[in-house]
Every structure is written in C-alpha cells, then in structure tokens.
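Colleague: Below you will find the structure I want to go over with you.
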Amino acid sequence: MSHIFDWIFAQYQGTPIHLIVLEFIGVFFGFLSVWFSKKENILVFPTGIISTAIFVYILLVFGLLGDMLINAFYFIMSIYGWYVWTRKVDKDSYIPITKMTNLDKKYSSIMFVGTIIFVGLVYFIFNKFNSWTAYVDTITTAIFFVGMWLMAKKKLANWVFWIIGDIVSVPLYLYKGLIFTALQYLLFTIIAIYGYKVWIKSLNKSPQTLLK
C-alpha cells in the first residue's frame, strides 16, 4: 500500500503546494457537480462553476489548452444550464429530461467538428502539437463540449458523451501526473453510468423540485 502512496506523491515532486491544494478542491467540487447532475439537482451548476474556475487556472499552468478551454466552456454553459433548468413548463413543474431531436443531433455534429478545428488551431498557433496528449486532448475537448451542451439542455445522451470522454481522460491525466484528477475522472465514469440509468427512469417527467 505504501508503494501506491509513494508513487502518487512522487508525481507531485516539484509541483507548487498551492496547485496541489487547488487541484484537490477542484476535484472535490467537480465530484459534487457530477453527483448532483445524476440526481437532477440544480446544485450541479454552482458546484460546477467553482470546479471549472479552478481548473481553468490549473490547466493553463500545465499547458493542457484543450482541457482549459473545456472548463472555460463549462463555466459559461453552467450559467446557461442554470437558466434552462430553472425554466418551468407550467406553474408547478420544471422542464423534463428528453431525448435528442434531429436538430440537436445536427448541432451536436457541428459543435463536435467545429471544436476539433478550433482546438487544433489553438494548439497549432501555440506550437503545442508536440505530444500524443495534444491530439487526445483535442478529441476529448470536442466530446466534452457536446456533452456539456446536452447536459445544459437536459438531454439524456449527455451521459454517453461523458462516459466516453471520462474513460479516455483517465490515462491522459495519469500520464500528465495529475493523479487526483485521473481518479476524479475514474469516479466520473462510474457516476455517469449510474446517471444514465437514473435519467432514463426520469425521461419526459417534469420534476416539481430541483433540490432533491
């Protein structure tokens, strides 16, 4: 067991203490955000805003530009999602979880391709295409952009994108030495699977409360 802890903390040698503390706080609030999302609880957004704000700074320091843009996008979409989720379909109920429409699929495809092009240009301009992580980061950025947009719109398919992106992100962050973040994405994968199952049961049902 001690070898595992030695290996984990060895990854943080030379890393400033404040970044380690910030990563832990960001992971904690990120975990809360995903957990609240699974429960269809409006607290998904304030907790997500705190986590993403922290990770924008951390990822900028570590040079993961794609993931930095993801978190900046999350921050914006959390504000948008907060607005969407609190809209009511009538005086007693909020908007329900629904499946993707053909229009949603069209916009998702455009967003996916557009994100890959945009992030690719960012990496190219800053001459960051010097590792396999840059290419993986570009793809996961596109996956997460679509996932976050669908989550803000309360679309069931958002969980599919989260599951795929989370699975890919685990080895990426392990390679970068962000151990706690890698563990976070591993937990995210498990929660996302359960989240998908929970949301299926609530499909097309308008909730009367968003704090449950």
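In the structure tokens, the first chain shown is A, the next is B, and so on; residue numbers restart at 1 for each chain, and ligands run from 1 in the order shown.
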Restrict the calculation to only C-alpha atoms, then for each residue of segment 148-174 of chain A with any atom at most 12 Å from an atom of segment 105-123 of chain A give the closest atom pair and their distance in Å to one decimal, rows by chain and rising residue number, as CSV.
Modeller:
```
residue,atom,partner,partner_atom,distance
A:Met148,CA,A:Ser108,CA,10.6
A:Trp149,CA,A:Ser108,CA,8.4
A:Leu150,CA,A:Ser108,CA,8.2
A:Met151,CA,A:Ser108,CA,11.9
A:Lys153,CA,A:Ser108,CA,11.8
A:Lys155,CA,A:Lys105,CA,10.8
A:Ala157,CA,A:Lys105,CA,10.0
A:Asn158,CA,A:Ser108,CA,10.5
A:Phe161,CA,A:Ser108,CA,10.8
```
Colleague: Using all heavy atoms, can you write the selected residues to a file as a compact mmCIF listing (two decimals), in the first residue's frame?
Modeller:
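For reference, part01.txt as written:
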```
# COMPACT_ATOMS: atom_id res chain seq x y z
N MET A 148 -21.43 18.67 -22.42
CA MET A 148 -21.85 19.75 -21.54
C MET A 148 -23.04 20.51 -22.11
O MET A 148 -23.97 20.88 -21.38
CB MET A 148 -20.68 20.73 -21.31
CG MET A 148 -20.99 21.85 -20.33
SD MET A 148 -21.33 21.22 -18.67
CE MET A 148 -22.05 22.65 -17.88
N TRP A 149 -23.01 20.72 -23.41
CA TRP A 149 -24.12 21.42 -24.06
C TRP A 149 -25.42 20.62 -23.92
O TRP A 149 -26.48 21.17 -23.61
CB TRP A 149 -23.79 21.64 -25.54
CG TRP A 149 -24.86 22.34 -26.30
CD1 TRP A 149 -25.26 23.65 -26.17
CD2 TRP A 149 -25.72 21.77 -27.31
NE1 TRP A 149 -26.28 23.92 -27.03
CE2 TRP A 149 -26.60 22.80 -27.74
CE3 TRP A 149 -25.82 20.51 -27.89
CZ2 TRP A 149 -27.56 22.60 -28.72
CZ3 TRP A 149 -26.77 20.30 -28.87
CH2 TRP A 149 -27.63 21.32 -29.28
N LEU A 150 -25.33 19.31 -24.11
CA LEU A 150 -26.52 18.45 -23.99
C LEU A 150 -27.00 18.36 -22.54
O LEU A 150 -28.20 18.27 -22.28
CB LEU A 150 -26.20 17.05 -24.51
CG LEU A 150 -25.98 16.94 -26.03
CD1 LEU A 150 -25.55 15.52 -26.40
CD2 LEU A 150 -27.23 17.32 -26.80
N MET A 151 -26.05 18.38 -21.60
CA MET A 151 -26.44 18.35 -20.19
C MET A 151 -27.18 19.63 -19.81
O MET A 151 -28.19 19.59 -19.10
CB MET A 151 -25.19 18.18 -19.30
CG MET A 151 -25.52 17.81 -17.86
SD MET A 151 -25.70 19.23 -16.79
CE MET A 151 -23.99 19.63 -16.48
N LYS A 153 -28.97 21.34 -21.67
CA LYS A 153 -30.30 21.29 -22.30
C LYS A 153 -31.14 20.12 -21.78
O LYS A 153 -32.23 19.87 -22.27
CB LYS A 153 -30.15 21.18 -23.82
CG LYS A 153 -29.59 22.43 -24.47
CD LYS A 153 -29.36 22.25 -25.96
CE LYS A 153 -30.65 22.03 -26.72
NZ LYS A 153 -31.56 23.21 -26.69
N LYS A 155 -30.59 16.81 -21.99
CA LYS A 155 -30.75 15.72 -22.95
C LYS A 155 -30.09 14.45 -22.39
O LYS A 155 -28.95 14.48 -21.92
CB LYS A 155 -30.11 16.09 -24.29
CG LYS A 155 -30.75 17.32 -24.95
CD LYS A 155 -32.20 17.07 -25.32
CE LYS A 155 -32.85 18.29 -25.93
NZ LYS A 155 -34.25 18.05 -26.35
N ALA A 157 -28.72 11.94 -23.75
CA ALA A 157 -27.49 11.49 -24.41
C ALA A 157 -26.23 12.14 -23.85
O ALA A 157 -25.12 11.70 -24.16
CB ALA A 157 -27.58 11.78 -25.91
N ASN A 158 -26.38 13.17 -23.02
CA ASN A 158 -25.18 13.82 -22.47
C ASN A 158 -24.31 12.82 -21.72
O ASN A 158 -23.08 12.91 -21.75
CB ASN A 158 -25.57 15.00 -21.57
CG ASN A 158 -25.87 14.61 -20.13
OD1 ASN A 158 -24.98 14.56 -19.27
ND2 ASN A 158 -27.13 14.31 -19.84
N PHE A 161 -21.73 10.87 -23.87
CA PHE A 161 -20.53 11.65 -24.17
C PHE A 161 -19.62 11.73 -22.94
O PHE A 161 -18.40 11.64 -23.05
CB PHE A 161 -20.91 13.05 -24.65
CG PHE A 161 -21.44 13.07 -26.05
CD1 PHE A 161 -22.79 12.90 -26.30
CD2 PHE A 161 -20.59 13.26 -27.13
CE1 PHE A 161 -23.29 12.91 -27.59
CE2 PHE A 161 -21.07 13.27 -28.43
CZ PHE A 161 -22.42 13.09 -28.66
```
Colleague: Could you pull out the residues in chain A that DSSP calls alpha helix (DSSP H) from the backbone, as a ChimeraX atom specification?
Modeller: /A:2-10,17-38,44-62,65-85,102-125,132-152,158-176,179-201
Colleague: One decimal, in Å: what's the spacing between atom CA of Val198 of chain A and atom CA of Asn41 of chain A?
Modeller: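 Atom CA of Val198 of chain A sits 12.3 Å away from atom CA of Asn41 of chain A.
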Colleague: What does the structure give for the distance between atom CA of Ile193 of chain A and atom CA of Ile164 of chain A, in Å to one decimal?
Modeller: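 That distance, rounded to one decimal, is 10.3 Å.
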Colleague: Which residue, A:Gly81, A:Asn102, A:Ser33, A:Asp67, has the smallest gap to Gly165 of chain A when you use only C-alpha atoms?
Modeller: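 For Gly165 of chain A, the nearest of the candidates is A:Asp67.
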Colleague: Atom CA of Ile143 of chain A and atom CA of Arg87 of chain A are how many Å apart?
Modeller: 26.3 Å
Colleague: Near Glu23 of chain A, counting only C-alpha atoms, which residues have an atom at most 9 Å away, once you skip same-chain residues fewer than 4 positions from it, shown as a PyMOL selection string?
Modeller: chain A and resi 18-19+27-28+51+54-55+58+178+180-181
Colleague: Which residue is closest to Val136 of chain A? Choose from A:Tyr194, A:Phe29, A:Asp92, A:Leu64 and count only C-alpha atoms.
Modeller: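 When distances to Val136 of chain A are compared using only C-alpha atoms, the smallest one comes from A:Leu64.
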Colleague: Need to verify the contact set: Ala53 of chain A, 10 Å, only C-alpha atoms, exclusion of same-chain residues closer than 2 positions in sequence. Can you return it as a list of chain:residue names?
Modeller: A:Gly26, A:Gly48, A:Ile49, A:Ile50, A:Ser51, A:Phe55, A:Val56, A:Tyr57, A:Ile58, A:Met68, A:Asn71, A:Ala72, A:Tyr74, A:Phe75
Colleague: Please produce a file of the residues just selected, as a PDB file, in the first residue's frame, where the atoms kept are N, CA, C and O atoms.
Modeller:
```pdb
ATOM      1  N   GLY A  26     -10.713  21.537  -6.551  1.00  0.00           N
ATOM      2  CA  GLY A  26     -11.409  21.447  -7.828  1.00  0.00           C
ATOM      3  C   GLY A  26     -12.001  20.077  -8.063  1.00  0.00           C
ATOM      4  O   GLY A  26     -13.119  19.945  -8.568  1.00  0.00           O
ATOM      5  N   GLY A  48     -20.293  23.157 -10.060  1.00  0.00           N
ATOM      6  CA  GLY A  48     -19.540  23.066 -11.307  1.00  0.00           C
ATOM      7  C   GLY A  48     -18.800  24.339 -11.631  1.00  0.00           C
ATOM      8  O   GLY A  48     -17.677  24.308 -12.140  1.00  0.00           O
ATOM      9  N   ILE A  49     -19.406  25.467 -11.332  1.00  0.00           N
ATOM     10  CA  ILE A  49     -18.769  26.762 -11.598  1.00  0.00           C
ATOM     11  C   ILE A  49     -17.497  26.912 -10.776  1.00  0.00           C
ATOM     12  O   ILE A  49     -16.460  27.370 -11.274  1.00  0.00           O
ATOM     13  N   ILE A  50     -17.550  26.516  -9.508  1.00  0.00           N
ATOM     14  CA  ILE A  50     -16.366  26.594  -8.647  1.00  0.00           C
ATOM     15  C   ILE A  50     -15.257  25.697  -9.183  1.00  0.00           C
ATOM     16  O   ILE A  50     -14.094  26.115  -9.307  1.00  0.00           O
ATOM     17  N   SER A  51     -15.602  24.460  -9.517  1.00  0.00           N
ATOM     18  CA  SER A  51     -14.618  23.495 -10.014  1.00  0.00           C
ATOM     19  C   SER A  51     -13.980  23.957 -11.319  1.00  0.00           C
ATOM     20  O   SER A  51     -12.753  23.915 -11.474  1.00  0.00           O
ATOM     21  N   PHE A  55     -10.016  24.832 -12.369  1.00  0.00           N
ATOM     22  CA  PHE A  55      -9.287  24.054 -13.363  1.00  0.00           C
ATOM     23  C   PHE A  55      -8.860  24.865 -14.584  1.00  0.00           C
ATOM     24  O   PHE A  55      -7.909  24.488 -15.269  1.00  0.00           O
ATOM     25  N   VAL A  56      -9.533  25.953 -14.853  1.00  0.00           N
ATOM     26  CA  VAL A  56      -9.063  26.837 -15.925  1.00  0.00           C
ATOM     27  C   VAL A  56      -7.647  27.307 -15.613  1.00  0.00           C
ATOM     28  O   VAL A  56      -6.760  27.297 -16.468  1.00  0.00           O
ATOM     29  N   TYR A  57      -7.440  27.670 -14.359  1.00  0.00           N
ATOM     30  CA  TYR A  57      -6.110  28.135 -13.939  1.00  0.00           C
ATOM     31  C   TYR A  57      -5.096  26.998 -13.938  1.00  0.00           C
ATOM     32  O   TYR A  57      -3.985  27.134 -14.478  1.00  0.00           O
ATOM     33  N   ILE A  58      -5.457  25.857 -13.348  1.00  0.00           N
ATOM     34  CA  ILE A  58      -4.525  24.728 -13.246  1.00  0.00           C
ATOM     35  C   ILE A  58      -4.103  24.225 -14.624  1.00  0.00           C
ATOM     36  O   ILE A  58      -2.919  23.993 -14.889  1.00  0.00           O
ATOM     37  N   MET A  68      -8.340  23.257 -20.810  1.00  0.00           N
ATOM     38  CA  MET A  68      -8.564  24.582 -20.245  1.00  0.00           C
ATOM     39  C   MET A  68      -9.773  25.228 -20.910  1.00  0.00           C
ATOM     40  O   MET A  68     -10.639  25.814 -20.246  1.00  0.00           O
ATOM     41  N   ASN A  71     -13.040  23.713 -19.668  1.00  0.00           N
ATOM     42  CA  ASN A  71     -13.505  24.228 -18.388  1.00  0.00           C
ATOM     43  C   ASN A  71     -14.024  25.657 -18.486  1.00  0.00           C
ATOM     44  O   ASN A  71     -14.961  26.024 -17.778  1.00  0.00           O
ATOM     45  N   ALA A  72     -13.433  26.452 -19.372  1.00  0.00           N
ATOM     46  CA  ALA A  72     -13.956  27.796 -19.609  1.00  0.00           C
ATOM     47  C   ALA A  72     -15.357  27.700 -20.225  1.00  0.00           C
ATOM     48  O   ALA A  72     -16.277  28.444 -19.864  1.00  0.00           O
ATOM     49  N   TYR A  74     -17.352  25.072 -19.863  1.00  0.00           N
ATOM     50  CA  TYR A  74     -18.209  24.562 -18.793  1.00  0.00           C
ATOM     51  C   TYR A  74     -18.731  25.707 -17.927  1.00  0.00           C
ATOM     52  O   TYR A  74     -19.894  25.713 -17.511  1.00  0.00           O
ATOM     53  N   PHE A  75     -17.832  26.623 -17.629  1.00  0.00           N
ATOM     54  CA  PHE A  75     -18.196  27.755 -16.780  1.00  0.00           C
ATOM     55  C   PHE A  75     -19.356  28.533 -17.397  1.00  0.00           C
ATOM     56  O   PHE A  75     -20.351  28.844 -16.735  1.00  0.00           O
TER      57      PHE A  75
END
```
Colleague: Near Leu211 of chain A, counting only C-alpha atoms, which residues have an atom at most 12 Å away, once you skip same-chain residues fewer than 2 positions from it, shown as a list in words?
Modeller: Phe36, Ser37, Lys39, Glu40, Asn41, Ile42, Leu43, Val44, Phe45, Trp85, Thr86, Tyr94, Pro207, Gln208 and Thr209 of chain A
